[in-house]
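See below for the structure under consideration.
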Amino acid sequence: MQFPSFIAKRIRHNEAGSFSATVSRIGVASIAIGVAVGIIAFAVLLGFKQTIQQKIFLFSAHINVNAFSQGNTYEEAPLPVKNAVSEILPTIPEIARWQAVAHKSGILKTPDEIKGVILKGVGKDYDWKTFKPNLREGKLIDRTDSSSIKYGYSSQILISRKVATQMRLKTGDDVIMYSLQNPPRPRKLVVAGIYETEMEEFDNNLIIGDIGLVQRLNGWGADSVGTYEIYLKDFHNLDLVTHKLRRELPPGLFLQKVTSLFPQIFDWLVLLDRNTAVFLVLILFVACFNMISILLVIIMERTPLIGLLKTLGSPNRQIRMIFFQVGLDMLRKGIIIGNVAALLLCWLQYQFKLIPLDPVNYYMDTVPIVFDWGIFAMVNVVAVMITAAILLIPTLIITRIQPIKALLFKK
């Protein structure tokens with residue numbers, strides 16, 4: 001065993017019952033709290049971002065492409081199913097998939113209530129797997145149900161829980177929808193299911209139905225759609241793919257990023273990133289300050305030992321390494337305890353949803369957790385590198401200790 005490691009081990013062993021043992025525990029606790037807070041903060045932050053983004057992407061893709069039109073945003077101009085868009089999309093490797101949809105504004109009417117809504121017509125290529133976790137009652141639209149097929153389209157729709165409450169509807173009920181056109185064209189629809197996203201932007205007025213219904217109301221054929229919704233393999237490539245599409249697509253097509261459709265929400269997510277970064281810097285600063293103070297206390301308590309080692313010929317560098325290894329031992333214990341505590345708390349929240357949230361303010365009813373092991377590893381690496389570098393600072397005082405005065409030092 002190397003000499004610095006041997007002496008450091010003896011110091012740690014003889015700490016029991018001393019004042020330095022107490023401050024060592026404080027040092028370990030400060031590192032553990034800092035690491036645990038960092039891991040939990042990133043797990044919650046990533047959970048917030050992922051949950052909110054998934055809810056947005058249910059109804060608005062990463063990129064939307066439709067024909068340019070003036071006036072009512074929801075009155076789309078028809079796009080052929082086979083056109084320049086469908087030919088260009090397969091050539092861009094960053095694109096994961098796309099789907100064709102169409103929108104139609106209308107009014108839902110029951111004997112007692114009336115409400116303006118936006119009907120989003122979806123086809124066979126719609127990603128129901130992603131949508132299904134938000135279904136609270138009933139079932140998804142079933143195009144194989146012959147009883148709901150009329151004039152070549154399904155009369156089933158999905159409405160939000162908020163719309164269902166306002167209209168006093170439940171699954172299986174019939175409702176009349178009047179499309180906003182001249183003359184109005186009423187359609188009798190059936191509520192197949194009720195969804196809930198906790199996002200007012202969608203829950204207030206968006207209903208989902210068969211794209212064939214929108215095509216029928218608009219007088220389009222089965223070969224026309226309103227919007228291409230494009231999803232990327234990596235959301236961070238949004239600006240890159242947008243630039244490629246704008247360069248490749250012919251004029252007359254309108255391209256819009258999801259960040260432009262919902263700027264307030266994405267600005268809020270960016271603000272969360274900044275707040276989390278500031279918070280973690282403060283936590284790390286406090287932990288490092290504590291470690292400096294604690295290591296200074298340990299050095300001062302071992303001043304006679306330092307004087308003896310210098311008298312026996314130990315160089316300053318060797319003595320500094322002894323106390324540096326004492327600090328590293330505290331760091332190691334703090335890292336282990338912090339990781340175990342953080343992962344345990346995250347797992348408990350992930351499994352049992354212990355901490356609730358107000359859906360009106362946070363768009364979700366419980367604190368979300370995402371286990372990103374790469375981010376967790378980064379938190380540990382940064383904590384170790386910064387704290388280890390900081391530990392070298394208090395050991396500089398050893399170079400100023402004179403052997404004779406150190407031997408005569410009394411605690």
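Please note that chains go A, B, ... in the order of the structure tokens, that every chain numbers its residues from 1, and that ligands are numbered from 1 in the order shown.
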
Please provide the set of residues having any atom within 12 Å of A:Ser69, restricted to only C-alpha atoms, with same-chain residues fewer than 2 positions apart removed, written as an NGL selection string. :A and (65-67 or 71-79 or 226 or 252-255)

Could you tell me how far atom CA of A:Met199 sits from atom CA of A:Tyr362, in Å to one decimal place?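 Taking atom CA of A:Tyr362 and atom CA of A:Met199, their separation equals 8.7 Å.
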
Tell me which protein, DNA and RNA residues are within 8 Å of stretch 317-333 of chain A, counting only C-alpha atoms, leaving out same-chain ones fewer than 6 positions away, and put them as a PDB file with N, CA and C atoms, in the first residue's frame.
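Result file result_22.pdb:
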ATOM      1  N   PRO A   4       0.788   7.510   1.329  1.00  0.00           N
ATOM      2  CA  PRO A   4      -0.353   8.414   1.540  1.00  0.00           C
ATOM      3  C   PRO A   4      -1.659   7.665   1.797  1.00  0.00           C
ATOM      4  N   SER A   5      -1.861   6.561   1.069  1.00  0.00           N
ATOM      5  CA  SER A   5      -3.090   5.785   1.256  1.00  0.00           C
ATOM      6  C   SER A   5      -3.121   5.150   2.637  1.00  0.00           C
ATOM      7  N   ILE A   7      -1.624   6.222   5.484  1.00  0.00           N
ATOM      8  CA  ILE A   7      -1.866   7.230   6.516  1.00  0.00           C
ATOM      9  C   ILE A   7      -3.301   7.727   6.445  1.00  0.00           C
ATOM     10  N   ALA A   8      -3.833   7.910   5.226  1.00  0.00           N
ATOM     11  CA  ALA A   8      -5.218   8.368   5.077  1.00  0.00           C
ATOM     12  C   ALA A   8      -6.187   7.368   5.675  1.00  0.00           C
ATOM     13  N   LYS A   9      -5.895   6.073   5.497  1.00  0.00           N
ATOM     14  CA  LYS A   9      -6.749   5.037   6.073  1.00  0.00           C
ATOM     15  C   LYS A   9      -6.691   5.077   7.590  1.00  0.00           C
ATOM     16  N   ILE A  11      -6.087   7.708   9.421  1.00  0.00           N
ATOM     17  CA  ILE A  11      -6.805   8.909   9.871  1.00  0.00           C
ATOM     18  C   ILE A  11      -8.298   8.636   9.902  1.00  0.00           C
ATOM     19  N   ARG A  12      -8.812   7.999   8.839  1.00  0.00           N
ATOM     20  CA  ARG A  12     -10.240   7.700   8.801  1.00  0.00           C
ATOM     21  C   ARG A  12     -10.626   6.725   9.920  1.00  0.00           C
ATOM     22  N   SER A  24     -16.957  15.194   9.264  1.00  0.00           N
ATOM     23  CA  SER A  24     -16.860  14.308   8.097  1.00  0.00           C
ATOM     24  C   SER A  24     -18.243  13.826   7.670  1.00  0.00           C
ATOM     25  N   GLY A  27     -19.850  16.508   5.812  1.00  0.00           N
ATOM     26  CA  GLY A  27     -19.339  16.573   4.447  1.00  0.00           C
ATOM     27  C   GLY A  27     -19.955  15.520   3.546  1.00  0.00           C
ATOM     28  N   VAL A  28     -20.030  14.306   4.060  1.00  0.00           N
ATOM     29  CA  VAL A  28     -20.658  13.223   3.293  1.00  0.00           C
ATOM     30  C   VAL A  28     -22.118  13.566   2.997  1.00  0.00           C
ATOM     31  N   ILE A  31     -22.453  16.274   0.211  1.00  0.00           N
ATOM     32  CA  ILE A  31     -22.241  15.709  -1.128  1.00  0.00           C
ATOM     33  C   ILE A  31     -23.437  14.845  -1.534  1.00  0.00           C
ATOM     34  N   ALA A  32     -23.925  14.027  -0.602  1.00  0.00           N
ATOM     35  CA  ALA A  32     -25.066  13.160  -0.906  1.00  0.00           C
ATOM     36  C   ALA A  32     -26.294  13.978  -1.281  1.00  0.00           C
ATOM     37  N   MET A 291     -17.248  21.202   1.763  1.00  0.00           N
ATOM     38  CA  MET A 291     -16.116  20.274   1.706  1.00  0.00           C
ATOM     39  C   MET A 291     -14.810  20.997   2.019  1.00  0.00           C
ATOM     40  N   LEU A 295     -12.607  19.873   5.256  1.00  0.00           N
ATOM     41  CA  LEU A 295     -11.237  19.384   5.100  1.00  0.00           C
ATOM     42  C   LEU A 295     -10.252  20.279   5.866  1.00  0.00           C
ATOM     43  N   ILE A 299      -7.640  19.042   8.692  1.00  0.00           N
ATOM     44  CA  ILE A 299      -6.213  19.371   8.624  1.00  0.00           C
ATOM     45  C   ILE A 299      -5.754  20.040   9.922  1.00  0.00           C
ATOM     46  N   ILE A 306       0.985  16.480  10.895  1.00  0.00           N
ATOM     47  CA  ILE A 306       1.646  17.115   9.744  1.00  0.00           C
ATOM     48  C   ILE A 306       3.075  17.530  10.120  1.00  0.00           C
ATOM     49  N   LEU A 309       5.300  14.400  10.285  1.00  0.00           N
ATOM     50  CA  LEU A 309       5.623  13.890   8.948  1.00  0.00           C
ATOM     51  C   LEU A 309       6.655  14.772   8.258  1.00  0.00           C
ATOM     52  N   VAL A 384     -18.076  14.648  -9.201  1.00  0.00           N
ATOM     53  CA  VAL A 384     -16.773  14.112  -8.800  1.00  0.00           C
ATOM     54  C   VAL A 384     -15.646  15.034  -9.270  1.00  0.00           C
ATOM     55  N   THR A 387     -15.810  18.576  -7.333  1.00  0.00           N
ATOM     56  CA  THR A 387     -15.512  18.436  -5.908  1.00  0.00           C
ATOM     57  C   THR A 387     -14.068  17.992  -5.694  1.00  0.00           C
ATOM     58  N   ALA A 388     -13.581  17.076  -6.524  1.00  0.00           N
ATOM     59  CA  ALA A 388     -12.189  16.633  -6.389  1.00  0.00           C
ATOM     60  C   ALA A 388     -11.225  17.786  -6.634  1.00  0.00           C
ATOM     61  N   LEU A 391     -11.186  20.028  -3.620  1.00  0.00           N
ATOM     62  CA  LEU A 391     -10.503  19.449  -2.458  1.00  0.00           C
ATOM     63  C   LEU A 391      -9.013  19.792  -2.423  1.00  0.00           C
ATOM     64  N   LEU A 392      -8.437  20.122  -3.555  1.00  0.00           N
ATOM     65  CA  LEU A 392      -7.018  20.471  -3.589  1.00  0.00           C
ATOM     66  C   LEU A 392      -6.744  21.822  -2.936  1.00  0.00           C
ATOM     67  N   THR A 395      -5.808  21.838   0.921  1.00  0.00           N
ATOM     68  CA  THR A 395      -4.534  21.176   1.217  1.00  0.00           C
ATOM     69  C   THR A 395      -3.337  22.116   1.010  1.00  0.00           C
ATOM     70  N   LEU A 396      -3.565  23.250   0.355  1.00  0.00           N
ATOM     71  CA  LEU A 396      -2.468  24.207   0.160  1.00  0.00           C
ATOM     72  C   LEU A 396      -1.979  24.782   1.480  1.00  0.00           C
ATOM     73  N   ILE A 398      -1.164  23.234   3.970  1.00  0.00           N
ATOM     74  CA  ILE A 398      -0.123  22.357   4.516  1.00  0.00           C
ATOM     75  C   ILE A 398       1.260  22.918   4.210  1.00  0.00           C
TER      76      ILE A 398
END

Residues at most 8 Å from A:Ala84, counting only C-alpha atoms, excluding those fewer than 3 positions away in the same chain, as a PyMOL selection string? chain A and resi 87-88+249-250

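Shortest atom-to-atom contact with A:Gly38 among A:Ala100, A:Ala287, A:Val81, A:Val360: A:Ala287, counting only C-alpha atoms.
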
Using backbone DSSP assignments, extract all alpha helix (DSSP H) residues from stretch 212-332 of chain A; output them as a ChimeraX atom specification. /A:212-218,238-248,258-261,263-301,303-311,316-332

Rank A:Val241, A:Val370, A:Ile208, A:Ile107 by their smallest atom-to-atom distance to A:Leu140, using only C-alpha atoms, and report the top residue only.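 Smallest distance to A:Leu140 is found for A:Ile208.
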
Quick one: of A:Ile335, A:Ala43, A:Val367, A:Leu108, who's nearest to A:Ile176, counting only C-alpha atoms?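 Ranked by minimum distance to A:Ile176, first place goes to A:Leu108.
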
All residues 9 Å or closer to A:Glu200, only C-alpha atoms, same chain fewer than 4 positions away omitted, as number ranges by chain: A: 162, 204-205, 360, 363

Please identify all polymer residues within 9 Å of A:Val191, counting only C-alpha atoms, omitting same-chain residues fewer than 2 positions from it, and present them as a ChimeraX atom specification. /A:138,155-159,169-175,189,193-194

Can you list, as a VMD selection string, every protein, DNA or RNA residue that comes within 12 Å of A:Thr144 when you count only C-alpha atoms, leaving out same-chain residues fewer than 5 positions away? chain A and resid 124 149 to 150 152 to 156

Secondary structure check, strand (DSSP E) residues of stretch 83-243 of chain A, as an MDAnalysis selection string: chainID A and resid 95:109 114:122 135:138 149:150 153:154 156:160 174:179 186:195 206:210 224:225 227:232

Rounded to one decimal, what separation in Å do you get between atom CA of A:Glu229 and atom CA of A:Tyr151?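 It comes out at 25.9 Å.
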
Distance criterion (only C-alpha atoms): nearest to A:Gln99 out of A:Asn182, A:Gln50, A:Gln256, A:Ser86: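 Nearest to A:Gln99: A:Ser86.
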
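Of the residues under consideration (A:Leu272, A:Ala383, A:Ile141, A:Val297), A:Leu272 shows the shortest atom-to-atom contact distance to A:Leu45 when counting only C-alpha atoms.
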